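Written below as structure tokens is the structure these notes are about.
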Amino acid sequence: MEGLETGFETPMRSAPPRVDELRQVARQRFGIARLHREQERTIGAVLSGRDVLLVLPTGGGKSLCYQLPSLLLPRPTVVVSPLLALLEDQFLKLQQLGVPTVRLDSTVGVADRRAALARIAAGGSILVLTTPETLAGDELGALLAKSPPGLVAVDEAHCISEWGHDFRPAYLALGQRLAGLRAGQILALTATATPPVRDDIVRYLGLREPEIIVASPHRHNLMFSVRDLRGDEKLRHLAKLARRLPRPGIVYCSTTKMVDDVWLGLRLIKVPCARYHGKMTDKERSEHQARFMKKGKRIVMVATSAFGLGIDKPDIRYIVHYQAPASLERYLQEAGRAGRDGHAARCMLLFDESDLQIQEHLLALSRLSPSLLGRFGRALAAWAGEERDANIEELALSAGVSQRAASSLVTTLVEAGICERVENRRVHATGPLDTLVERVEGLRSRFEVLRREDARRMRAVVEYASEPECRSVALRRYFGDTDPTPCGRCDLCRTHGVGMRPAGRIDRRPHHPRRPWQAPGGEVPRPELAVALPAGGPRADGHERRRRRRRRGRRGAQPAEHPTGAVRPAPPAAAPLSLLSPPSPLPPLDPAADDLAAELGAPGLPPEPQAAKLAGGPPGSVLPGGAPRHRRRRRRRRRRGHGPRPAVAQPPGTP
Ligand SMILES: Nc1ncnc2c1ncn2[C@@H]1O[C@H](COP(=O)(O)OP(=O)(O)OP(=O)(O)O)[C@@H](O)[C@H]1O
Ligand SMILES: [Mg+2]
Ligand SMILES: [Zn+2]
């Protein structure tokens with residue numbers, strides 16, 4: 001067995017199972033008719049004792065690569081995953097499939113925990129779903145140290161790298177922990193790993209001569225598009241999309257406030273929707289999640305990126321990013337929730353560059369200032385040097401930071417396994433004292449890289465939004481795939497007529513350069529879309545059907561929507577859209593969070609000039625979209641079939 005340390009029992013049968021055996025298990029136990037090539041390679045490699053790094057697109061079936069081996073390996077398979085929601089989702093699915101599984105994380109009650117630990121101690125084939133924190137804890141750690149697992153799978157492994165978008169300090173100690181566990185082999189899985197992130201995964205997890213299996217991030221059924229929209233244009237556009245596009249869909253916003261506004265707006269126009277963000281109670285969140293995830297339920301989920309990573313509902317037909325994401329990694333993760341059944345789905349970004357300032361602000365809040373972290377670490381080391389556990393107030397005073405900042409810093413250090421919270425709100429430094437400062441320094445420098453990289457990642461989002469050729473090629477390029485073949489499905493390919501219309505047909509109509517999402521002659525529905533996405537969705541309720549019939553009646557025989565996902569100029573909306581307009585295009589954050597942000601080194605939020613202009617700008621004022629306000633309104637009225645508005649008195653001084 002190549003690359004394995006000696007000194008412990010081999011987890012393998014004498015010969016790894018043949019491919020046809022694997023296919024049979026996939027069929028019989030998981031109902032999977034055909035394994036993907038990468039899945040076969042990964043499972044084969046894992047079962048023959050190799051460490052593997054698997055980079056497979058979202059929805060590519062990575063989970064099966066540890067679920068299936070867990071049935072064949074004679075020792076436990078431990079799966080480390082960063083999100084509780086993900087664990088819960090998988091746990092329920094695996095139970096339904098009858099795959100022996102236990103779950104161990106901070107939310108599991110005492111009795112269940114005891115039962116799970118007893119089950120693991122009994123040995124044999126079992127899948128253990130856990131978090132890095134629980135794995136680092138004494139209970140599970142000690143148990144697994146006694147009976148090493150056959151396989152450890154690290155899901156969302158990009159979280160280990162500061163070059164990635166989603167670095168989690170909790171993943172830091174994972175490499176050491178895994179080395180201590182003497183696991184048979186390690187499987188690292190992710191959908192979004194650029195080449196440097198892949199290197200980090202191999203290095204930090206200590207993979208031994210791993211087989212690296214990387215598939216192109218390209219998913220042929222996803223139709224990417226970007227629209228430049230500002231302020232209330234966005235909400236109007238979203239309202240149109242939400243009414244017309246087949247559901248289910250997800251609308252991603254950057255802040256909890258914006259989620260609430262958009263959710264309310266969609267409810268006002270009677271679009272069935274749920275919402276998900278960090279400020280809801282656990283109960284509310286799981287109710288909304290359950291409602292959205294229910295099989296066959298066709299509603300819209302409005303969410304922050306807390307609802308993302310790994311969510312597996314097969315039939316999501318569209319993802320709208322109402323605000324720009326902080327990175328293309330995150331964008332691809334979230335867009336990857338769509339079309340997991342292989343049918344066509346749309347991924348639309350409503351782009352306003354100023355939204356990235358919100359991201360900057362949020363990122364800085366979650367990243368901490370590296371220098372502050374260094375200072376705080378030294379204060380912690382000073383207290384530890386005197387063999388005393390300081391409380392948050394004392395640490396804050398020693399490091400010269402506020403108590404809120406100190407509390408944030410402690411959370412990060414606890415996650416990184418550098419200290420722990422003990423009784424009376426005291427903080428105890430863990431690990432050898434002589435390496436404490438060094439460990440904090442290590443963490444500090446990783447946050448430094450992360451911060452620097454944040455800016456680069458955001459620039460990549462802007463570049464993606466202004467990409468001239470093909471969105472899919474741009475995304476692929478970002479992830480190190482140099483295949484230049486255009487997708488033929490994104491807004492740009494359609495604009496350029498790539499892979500769209502039958503050859504030989506020339507469209508002579510002028511194409512409006514400000515509408516790149518509309519291909520010339522784009523009103524001809526593409527045949528494959530007509531099959532995959534019948535206008536109005538796979539099934540519509542009676543109300544929607546009637547509304548669509550009325551609309552068709554008004555329009556004649558035109559298709560209900562542009563095949564690009566961009567909606568054709570709409571008739572006047574039935575619901576008062578003005579009700580939808582949020583008070584401000586930039587959501588006010590909690591002012592206390594602003595203070596904390598400033599202290600932690602986060603840039604302030606951008607001013608709100610658009611809001612002022614929208615609310616009370618003079619008729620001739622120019623909106624961020626470019627055209628003078630009155631001209632745009634007139635154009636809109638013309639599109640809707642109204643004549644120009646009767647002349648209104650101009651304020652003095654206007655030409
Ligand atoms: N070979 C296959 N053929 C058809 N469906 C499959 C196959 N393998 C897995 N699936 C299904 O694809 C869906 C997505 O799988 P999974 O959740 O493992 O994706 P993932 O790669 O982990 O994606 P993400 O990166 O978003 O977490 C699941 O419902 C799974 O049952
Ligand atoms: Mg997954
Ligand atoms: Zn394209």
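Please note that chains go A, B, ... in the order of the structure tokens, that every chain numbers its residues from 1, and that ligands are numbered from 1 in the order shown.
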### Message
At a cut-off of 12 Å, using only C-alpha atoms, what residues contact Arg37 in chain A? Leave out same-chain residues fewer than 2 positions from it and give the result as number ranges by chain.
### Response
A: 19, 23, 34-35, 39-44, 56, 60-62, 65, 213-215
### Task
Within 7 Å of ligand 1, which residues show up when you count only C-alpha atoms and all ligand atoms? List them as a ChimeraX atom specification, please.
/A:32-36,56-64,190-191,309-312,314,333,336-337,340
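Proximity ranking of A:Arg219, A:Arg18, A:Lys313, A:Arg275 relative to ligand 3 places A:Arg219 first, based on only C-alpha atoms and all ligand atoms.
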### Task
Output the neighbourhood of ligand 3 as a ChimeraX atom specification, that is, all protein and nucleic acid residues with some atom at most 7 Å from the ligand, counting only C-alpha atoms and all ligand atoms.
/A:470-473,486-493
### Query
Near range 391-395 of chain A, within 12 Å and counting only C-alpha atoms, which residues show up once chain neighbours fewer than 6 positions away are dropped, as number ranges by chain?
A: 375-384, 401-411, 420-429
Selection file, C-alpha atoms, as an mmCIF file, in the first residue's frame:
```cif
data_model
loop_
_atom_site.group_PDB
_atom_site.id
_atom_site.type_symbol
_atom_site.label_atom_id
_atom_site.label_comp_id
_atom_site.auth_asym_id
_atom_site.auth_seq_id
_atom_site.Cartn_x
_atom_site.Cartn_y
_atom_site.Cartn_z
ATOM 1 C CA ARG A 375 -1.005 42.607 19.776
ATOM 2 C CA PHE A 376 -3.757 40.584 21.353
ATOM 3 C CA GLY A 377 -1.743 37.383 21.039
ATOM 4 C CA ARG A 378 1.178 38.974 22.843
ATOM 5 C CA ALA A 379 -1.141 40.083 25.654
ATOM 6 C CA LEU A 380 -2.487 36.532 25.926
ATOM 7 C CA ALA A 381 1.057 35.177 26.032
ATOM 8 C CA ALA A 382 1.996 37.635 28.791
ATOM 9 C CA TRP A 383 -0.879 36.431 30.976
ATOM 10 C CA ALA A 384 -0.092 32.818 30.187
ATOM 11 C CA VAL A 401 -8.714 47.151 22.499
ATOM 12 C CA SER A 402 -12.412 47.369 23.264
ATOM 13 C CA GLN A 403 -14.156 44.462 24.916
ATOM 14 C CA ARG A 404 -16.170 43.717 21.783
ATOM 15 C CA ALA A 405 -13.023 43.536 19.719
ATOM 16 C CA ALA A 406 -11.391 41.368 22.379
ATOM 17 C CA SER A 407 -14.356 39.052 22.294
ATOM 18 C CA SER A 408 -14.068 38.723 18.483
ATOM 19 C CA LEU A 409 -10.355 38.069 18.749
ATOM 20 C CA VAL A 410 -10.864 35.396 21.379
ATOM 21 C CA THR A 411 -13.417 33.672 19.149
ATOM 22 C CA GLU A 420 -10.072 28.013 25.065
ATOM 23 C CA ARG A 421 -12.806 29.595 27.116
ATOM 24 C CA VAL A 422 -12.869 28.338 30.693
ATOM 25 C CA GLU A 423 -15.071 29.174 33.683
ATOM 26 C CA ASN A 424 -15.818 32.743 34.796
ATOM 27 C CA ARG A 425 -15.378 34.089 31.262
ATOM 28 C CA ARG A 426 -11.664 33.436 31.475
ATOM 29 C CA VAL A 427 -9.451 32.506 28.594
ATOM 30 C CA HIS A 428 -6.848 29.780 28.886
ATOM 31 C CA ALA A 429 -3.971 29.476 26.431
#
```
### Query
Which residue gives the smallest distance to Ile186 in chain A among A:Leu332, A:Ala290, A:Cys273, A:Val79, with only C-alpha atoms counted?
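Smallest separation from Ile186 in chain A among the options: A:Val79.
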### Task
List every residue of range 310-539 of chain A that DSSP, applied to the backbone of this structure, places in helix (DSSP H, G or I), and write the result as a ChimeraX atom specification.
/A:328-335,355-367,370-385,392-399,403-415,433-465,471-478,491-495,527-532
